[in-house]
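Okay, work_9.pdb now, which holds PDB, C-alpha atoms:
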```pdb
ATOM      1  CA  MET O 774       0.000   0.000   0.000
ATOM      2  CA  LYS O 775       1.347   3.418  -0.986
ATOM      3  CA  ARG O 776       0.381   6.978  -0.006
ATOM      4  CA  ASN O 777       0.716   9.488  -2.829
ATOM      5  CA  LEU O 778       0.643  13.277  -3.236
ATOM      6  CA  PHE O 779       0.364  14.924  -6.652
ATOM      7  CA  TYR O 780       0.368  18.550  -7.757
ATOM      8  CA  ALA O 781      -1.439  20.016 -10.764
ATOM      9  CA  GLN O 782      -1.887  23.588 -11.915
ATOM     10  CA  LEU O 783      -5.021  25.012 -13.470
ATOM     11  CA  ARG O 784      -4.771  27.229 -16.511
ATOM     12  CA  LYS O 785      -5.940  30.817 -16.297
ATOM     13  CA  ASP O 786      -9.726  31.131 -15.848
ATOM     14  CA  ALA O 787     -10.108  27.322 -15.958
ATOM     15  CA  SER O 788     -11.321  26.741 -12.394
ATOM     16  CA  ASP O 789     -15.083  26.749 -13.107
ATOM     17  CA  GLY O 790     -14.797  24.457 -16.119
ATOM     18  CA  PHE O 791     -12.504  22.062 -14.293
ATOM     19  CA  ARG O 792     -14.801  21.815 -11.280
ATOM     20  CA  SER O 793     -17.805  21.218 -13.535
ATOM     21  CA  ALA O 794     -15.938  18.435 -15.336
ATOM     22  CA  ILE O 795     -15.023  16.763 -12.034
ATOM     23  CA  GLU O 796     -18.647  16.917 -10.856
ATOM     24  CA  ARG O 797     -19.890  15.578 -14.185
ATOM     25  CA  ASP O 798     -17.346  12.749 -14.352
ATOM     26  CA  GLY O 799     -17.461  11.856 -10.651
ATOM     27  CA  GLU O 800     -18.824   8.322 -10.859
ATOM     28  CA  SER O 801     -16.936   7.264 -13.983
ATOM     29  CA  PHE O 802     -13.745   8.895 -12.691
ATOM     30  CA  ARG O 803     -14.044   6.981  -9.427
ATOM     31  CA  ASN O 804     -14.668   3.683 -11.214
ATOM     32  CA  GLN O 805     -11.578   4.238 -13.336
ATOM     33  CA  LEU O 806      -9.407   4.892 -10.283
ATOM     34  CA  VAL O 807     -10.802   1.966  -8.291
ATOM     35  CA  SER O 808     -10.177  -0.377 -11.232
ATOM     36  CA  LYS O 809      -6.484   0.540 -11.010
ATOM     37  CA  GLY O 810      -6.232  -0.209  -7.303
ATOM     38  CA  VAL O 811      -6.844   3.270  -5.866
ATOM     39  CA  LEU O 812      -8.352   2.981  -2.372
ATOM     40  CA  THR O 813      -9.086   6.619  -1.616
ATOM     41  CA  PHE O 814      -8.775   9.893  -3.524
ATOM     42  CA  SER O 815      -9.047  13.544  -2.454
ATOM     43  CA  LEU O 816      -8.785  16.685  -4.610
ATOM     44  CA  PHE O 817      -8.238  20.205  -3.235
ATOM     45  CA  ILE O 818      -8.013  23.550  -5.047
ATOM     46  CA  ILE O 819      -6.886  27.020  -4.034
ATOM     47  CA  GLY O 820      -6.475  29.560  -6.825
ATOM     48  CA  CYS O 821      -4.609  27.840  -9.652
ATOM     49  CA  HIS O 822      -3.124  25.189  -7.344
ATOM     50  CA  ALA O 823      -4.588  21.667  -7.231
ATOM     51  CA  GLY O 824      -3.421  19.055  -4.741
ATOM     52  CA  VAL O 825      -4.288  15.356  -4.868
ATOM     53  CA  TYR O 826      -3.932  12.755  -2.144
ATOM     54  CA  LEU O 827      -4.521   9.108  -2.937
ATOM     55  CA  GLU O 828      -3.748   5.678  -1.568
ATOM     56  CA  SER O 829      -3.015   2.792  -3.902
ATOM     57  CA  LEU O 830      -2.500  -0.932  -3.519
ATOM     58  CA  ASP O 831       0.423  -0.855  -5.945
ATOM     59  CA  ASN O 832       3.599   0.591  -4.415
ATOM     60  CA  GLU O 833       4.843   1.438  -7.920
ATOM     61  CA  TYR O 834       1.609   3.139  -8.991
ATOM     62  CA  GLU O 835       2.067   6.434 -10.894
ATOM     63  CA  TRP O 836      -1.123   8.392 -11.488
ATOM     64  CA  ASP O 837      -1.958  11.186 -13.936
ATOM     65  CA  TRP O 838      -5.090  12.969 -15.115
ATOM     66  CA  PRO O 839      -6.859  11.485 -18.163
ATOM     67  CA  ASP O 840      -6.269  13.346 -21.447
ATOM     68  CA  ALA O 841      -9.805  14.759 -21.308
ATOM     69  CA  TYR O 842      -8.593  17.255 -18.647
ATOM     70  CA  ARG O 843      -5.812  18.778 -20.762
ATOM     71  CA  ILE O 844      -8.012  21.734 -21.702
ATOM     72  CA  TRP O 845      -8.030  22.926 -18.065
ATOM     73  CA  LEU O 846      -4.591  21.887 -16.778
ATOM     74  CA  GLU O 847      -1.036  23.034 -17.424
ATOM     75  CA  GLU O 848       1.429  20.477 -18.771
ATOM     76  CA  TRP O 849       4.944  19.578 -17.595
ATOM     77  CA  PRO O 850       7.642  17.562 -19.375
ATOM     78  CA  GLY O 851       7.632  13.900 -18.382
ATOM     79  CA  GLU O 852       9.925  10.953 -19.001
ATOM     80  CA  GLY O 853       7.868   9.836 -21.993
ATOM     81  CA  GLU O 854       5.454  12.648 -22.808
ATOM     82  CA  ALA O 855       3.866  15.744 -21.317
ATOM     83  CA  ARG O 856       2.054  15.118 -18.043
ATOM     84  CA  LEU O 857      -0.758  16.940 -16.253
ATOM     85  CA  SER O 858       0.384  16.289 -12.678
ATOM     86  CA  VAL O 859       3.686  15.950 -10.846
ATOM     87  CA  PRO O 860       4.413  13.455  -8.035
ATOM     88  CA  MET O 861       5.330  15.426  -4.935
ATOM     89  CA  ILE O 862       8.399  14.618  -2.860
ATOM     90  CA  ASP O 863       7.495  13.121   0.518
ATOM     91  CA  ILE O 864       8.808  15.606   3.099
ATOM     92  CA  PHE O 865       7.033  14.233   6.158
ATOM     93  CA  HIS O 866       4.572  11.489   7.110
ATOM     94  CA  ASP O 867       3.399  10.744  10.623
ATOM     95  CA  GLY O 868       2.207   7.195   9.973
ATOM     96  CA  VAL O 869       3.069   4.346   7.607
ATOM     97  CA  PRO O 870       0.295   1.882   6.663
ATOM     98  CA  ALA O 871       1.052  -1.814   6.894
ATOM     99  CA  ASP O 872      -2.093  -2.855   5.014
ATOM    100  CA  PRO O 873      -5.496  -1.324   4.117
ATOM    101  CA  ALA O 874      -7.417  -3.157   6.861
ATOM    102  CA  SER O 875      -5.255  -1.985   9.748
ATOM    103  CA  TRP O 876      -4.729   1.497   8.307
ATOM    104  CA  ARG O 877      -8.337   2.674   8.736
ATOM    105  CA  GLY O 878     -10.189  -0.288  10.122
ATOM    106  CA  ALA O 879     -13.861   0.508  10.671
ATOM    107  CA  SER O 880     -13.339   4.221  11.391
ATOM    108  CA  ASP O 881     -15.091   6.791   9.189
ATOM    109  CA  VAL O 882     -13.434   9.894   7.784
ATOM    110  CA  GLU O 883     -15.419  12.933   8.940
ATOM    111  CA  LYS O 884     -13.254  15.574   7.283
ATOM    112  CA  ARG O 885     -10.394  15.697   4.776
ATOM    113  CA  ILE O 886      -8.120  18.733   4.967
ATOM    114  CA  GLY O 887      -5.604  19.888   2.375
ATOM    115  CA  SER O 888      -3.467  23.025   2.697
ATOM    116  CA  PHE O 889      -0.763  24.815   0.719
ATOM    117  CA  ALA O 890       2.313  26.699   1.912
ATOM    118  CA  LYS O 891       5.198  28.478   0.189
ATOM    119  CA  LEU O 892       8.696  27.559   1.339
ATOM    120  CA  LYS O 893      11.640  29.967   1.138
ATOM    121  CA  PRO O 894      14.019  28.229  -1.320
ATOM    122  CA  ASP O 895      17.084  28.972   0.824
ATOM    123  CA  MET O 896      15.369  27.335   3.831
ATOM    124  CA  ALA O 897      14.455  24.075   2.069
ATOM    125  CA  ALA O 898      17.349  22.044   3.487
ATOM    126  CA  SER O 899      16.552  23.193   7.027
ATOM    127  CA  TYR O 900      12.853  22.422   6.609
ATOM    128  CA  ILE O 901      13.521  18.921   5.310
ATOM    129  CA  PHE O 902      16.096  18.246   8.049
ATOM    130  CA  TYR O 903      13.740  19.242  10.874
ATOM    131  CA  HIS O 904      10.851  17.233   9.454
ATOM    132  CA  TYR O 905      12.855  14.074   8.875
ATOM    133  CA  GLN O 906      14.249  14.372  12.387
ATOM    134  CA  LYS O 907      10.770  14.744  13.885
ATOM    135  CA  GLN O 908       9.366  11.938  11.722
ATOM    136  CA  GLU O 909      12.006   9.465  12.866
ATOM    137  CA  GLU O 910      12.356  10.594  16.493
ATOM    138  CA  THR O 911       8.617  10.511  17.244
ATOM    139  CA  PRO O 912       6.816   8.471  14.564
ATOM    140  CA  ASP O 913       3.019   8.261  14.702
ATOM    141  CA  SER O 914       2.859  10.914  17.400
ATOM    142  CA  PHE O 915      -0.255  12.970  16.600
ATOM    143  CA  ASN O 916      -2.197  11.975  13.440
ATOM    144  CA  LYS O 917      -1.062   9.029  11.346
ATOM    145  CA  THR O 918      -2.767  10.435   8.218
ATOM    146  CA  TYR O 919      -0.733  13.672   8.239
ATOM    147  CA  ILE O 920       1.620  13.964   5.274
ATOM    148  CA  ILE O 921       3.509  16.811   3.567
ATOM    149  CA  GLY O 922       4.761  16.833  -0.019
ATOM    150  CA  ALA O 923       6.828  19.337  -1.996
ATOM    151  CA  HIS O 924       7.036  20.468  -5.602
ATOM    152  CA  GLY O 925       9.792  23.062  -5.781
ATOM    153  CA  PRO O 926       9.061  25.639  -3.060
ATOM    154  CA  LEU O 927       5.357  24.754  -2.925
ATOM    155  CA  LEU O 928       4.199  22.506  -0.076
ATOM    156  CA  PHE O 929       0.943  20.555   0.130
ATOM    157  CA  SER O 930      -0.262  18.842   3.305
ATOM    158  CA  TYR O 931      -3.104  16.398   3.851
ATOM    159  CA  TYR O 932      -4.732  14.880   6.911
ATOM    160  CA  GLU O 933      -8.027  13.453   8.087
ATOM    161  CA  LEU O 934     -10.246  14.043  11.083
ATOM    162  CA  PRO O 935     -10.862  12.652  13.566
ATOM    163  CA  ALA O 936      -7.156  12.201  14.199
ATOM    164  CA  SER O 937      -6.025   8.636  14.769
ATOM    165  CA  LEU O 938      -2.895   6.740  15.765
ATOM    166  CA  SER O 939      -1.678   3.303  14.741
ATOM    167  CA  GLU O 940      -2.302   0.471  17.178
ATOM    168  CA  SER O 941       1.411  -0.321  17.173
ATOM    169  CA  LYS O 942       3.844   2.536  16.633
ATOM    170  CA  ARG O 943       6.602   2.238  14.078
ATOM    171  CA  LYS O 944      10.131   2.418  15.494
ATOM    172  CA  GLY O 945      11.946   5.398  13.999
ATOM    173  CA  VAL O 946      15.471   5.146  12.631
ATOM    174  CA  LEU O 947      16.740   7.867  15.000
ATOM    175  CA  SER O 948      17.285   7.350  18.737
ATOM    176  CA  THR O 949      17.979  11.049  19.364
ATOM    177  CA  ASN O 950      15.650  13.611  20.966
ATOM    178  CA  ASN O 951      16.611  16.880  19.256
ATOM    179  CA  SER O 952      13.327  18.088  17.732
ATOM    180  CA  PRO O 953      12.556  21.692  18.794
ATOM    181  CA  LYS O 954      10.165  22.074  21.702
ATOM    182  CA  ASP O 955       8.633  25.264  20.253
ATOM    183  CA  TRP O 956       8.004  23.718  16.843
ATOM    184  CA  HIS O 957       5.892  26.532  15.341
ATOM    185  CA  ALA O 958       8.387  29.248  16.303
ATOM    186  CA  VAL O 959      11.190  27.340  14.575
ATOM    187  CA  MET O 960       9.085  26.664  11.465
ATOM    188  CA  GLN O 961       7.753  30.205  10.940
ATOM    189  CA  PRO O 962      10.966  31.632   9.340
ATOM    190  CA  HIS O 963      10.868  28.891   6.686
ATOM    191  CA  PHE O 964       7.691  30.190   5.000
ATOM    192  CA  VAL O 965       6.734  32.926   2.562
ATOM    193  CA  PRO O 966       3.469  34.410   3.910
ATOM    194  CA  TRP O 967       0.344  34.355   1.771
ATOM    195  CA  GLY O 968      -1.008  37.800   0.972
ATOM    196  CA  ASP O 969      -4.421  38.806   2.400
ATOM    197  CA  ALA O 970      -4.630  35.600   4.457
ATOM    198  CA  ALA O 971      -7.041  35.167   7.353
ATOM    199  CA  ASP O 972      -5.655  35.128  10.890
ATOM    200  CA  GLY O 973      -3.917  31.848  11.556
ATOM    201  CA  GLN O 974      -3.606  31.067   7.828
ATOM    202  CA  GLU O 975      -0.678  33.315   6.912
ATOM    203  CA  TYR O 976       1.598  30.342   6.188
ATOM    204  CA  TRP O 977      -0.635  27.294   5.659
ATOM    205  CA  GLN O 978      -3.756  28.150   3.654
ATOM    206  CA  PRO O 979      -6.595  25.598   3.606
ATOM    207  CA  ALA O 980      -7.732  24.625   0.114
ATOM    208  CA  ALA O 981     -11.297  23.838  -0.942
ATOM    209  CA  PHE O 982     -12.159  20.135  -0.925
ATOM    210  CA  ILE O 983     -13.542  19.466  -4.415
ATOM    211  CA  TYR O 984     -13.978  15.713  -4.742
ATOM    212  CA  GLY O 985     -13.109  12.523  -2.949
ATOM    213  CA  PHE O 986     -14.022   8.993  -1.943
TER     214      PHE O 986
END
```
Output the structure of this file as structure tokens.
Amino acid sequence: MKRNLFYAQLRKDASDGFRSAIERDGESFRNQLVSKGVLTFSLFIIGCHAGVYLESLDNEYEWDWPDAYRIWLEEWPGEGEARLSVPMIDIFHDGVPADPASWRGASDVEKRIGSFAKLKPDMAASYIFYHYQKQEETPDSFNKTYIIGAHGPLLFSYYELPASLSESKRKGVLSTNNSPKDWHAVMQPHFVPWGDAADGQEYWQPAAFIYGF
């Protein structure tokens, strides 16, 4: 089982058309994903930014939007041909699923939350260092579904509520205890603030949940 984050970018003035297409194609889109071993899928949008979280049975699974969405999405170079989404680099994950049954069990997801942040490029190494250290010093410490991915300086995070922990915690690869006590104070200098953001959302801005299962 694999947890995946993908980033896509909407073309100018394409948001309404893209959302309408997702709503129209919802059932067929879901059937297509499920047939390829996708267990859960969540799409979030803020401005031109689109973030996708999905879980797949295949650890080698690489997802991309169907060609029908090219009219609304920007393209990037790929290994074979242009692609509509980019796999995000895993910066942090609180939990690691062993198998689908133990990962969620019988619990229901009440809310899915996706947020975007902008990282200062010269602070990227520090940000990654701190997060890897925290991930491996205190694995599965607050919400096993929490995960952060990066595409360049853009960060996308995903988690579910209610928060849950694994029945048996994974043993991290670090035996140290150096993670900062005042985590938020140490993290704040790493971010580029969003303009005109609401209080408490200057650095991580929640995106609109568009579609999921």
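In this structure, atom CA of Tyr903 of chain O sits 21.3 Å away from atom CA of Asn777 of chain O.
Proximity ranking of O:Tyr905, O:Tyr826, O:Phe779, O:Trp977 relative to Gly945 of chain O places O:Tyr905 first, based on all atoms listed in the file.
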Q: Quick one: apply the PyMOL selection byres ((chain O and resi 907-914) around 10) to the file and drop the selected residues here as a PyMOL selection string.
A: chain O and resi 864-869+901-906+915-919+937-953+956
Q. Looking at only C-alpha atoms, which of O:Ala794, O:Met960, O:Ala897, O:Met774 is the one that sits closest to Val811 of chain O?
A. O:Met774
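Separating atom CA of Gly985 of chain O from atom CA of Thr813 of chain O is a distance of 7.3 Å.
Among the candidates O:Ser815, O:Ser930, O:Asn832, O:Gln961, the one nearest to Phe889 of chain O when counting all atoms listed in the file is O:Ser930.
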Q) If you count only C-alpha atoms, which residues fall within 12 Å of Ala787 of chain O, apart from same-chain ones fewer than 4 positions away, as a PyMOL selection string? A) chain O and resi 782-783+791-794+818+820-823+842-847
Q) Where does the PyMOL selection byres ((chain O and resi 929) around 8) land in this file, that is, which residues does it pick, as an MDAnalysis selection string? A) chainID O and resid 824 887:890 921:923 927:928 930:931
Q) Of the residues O:Ile886, O:Leu830, O:Met861, O:Ala898, which is the one nearest to Ser808 of chain O, using only C-alpha atoms? A) O:Leu830
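Across the structure, atom CA of Lys891 of chain O and atom CA of Asp955 of chain O are spaced 20.6 Å apart.
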**Q.** Residues matched by the PyMOL selection byres ((chain O and resi 831) around 12) as a list in words
**A.** Met774, Lys775, Arg776, Asn777, Val807, Ser808, Lys809, Gly810, Val811, Leu812, Leu827, Glu828, Ser829, Leu830, Asn832, Glu833, Tyr834, Glu835, Trp836, Asp872 and Pro873 of chain O
Applying 7 Å and only C-alpha atoms, which residues near Trp838 of chain O remain after dropping the ones on its own chain fewer than 2 positions away? List them as a JSON list (two decimals) with C-alpha atoms, in the coordinates of the input.
```
[["chain", "number", "residue", "atom", "x", "y", "z"],
["O", 840, "ASP", "CA", -6.27, 13.35, -21.45],
["O", 842, "TYR", "CA", -8.59, 17.26, -18.65],
["O", 857, "LEU", "CA", -0.76, 16.94, -16.25],
["O", 858, "SER", "CA", 0.38, 16.29, -12.68]]
```
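You can rank O:Gly790, O:Pro926, O:Pro850, O:Pro979 by their closest distance to Leu892 of chain O using only C-alpha atoms, and at the top of that list sits O:Pro926.
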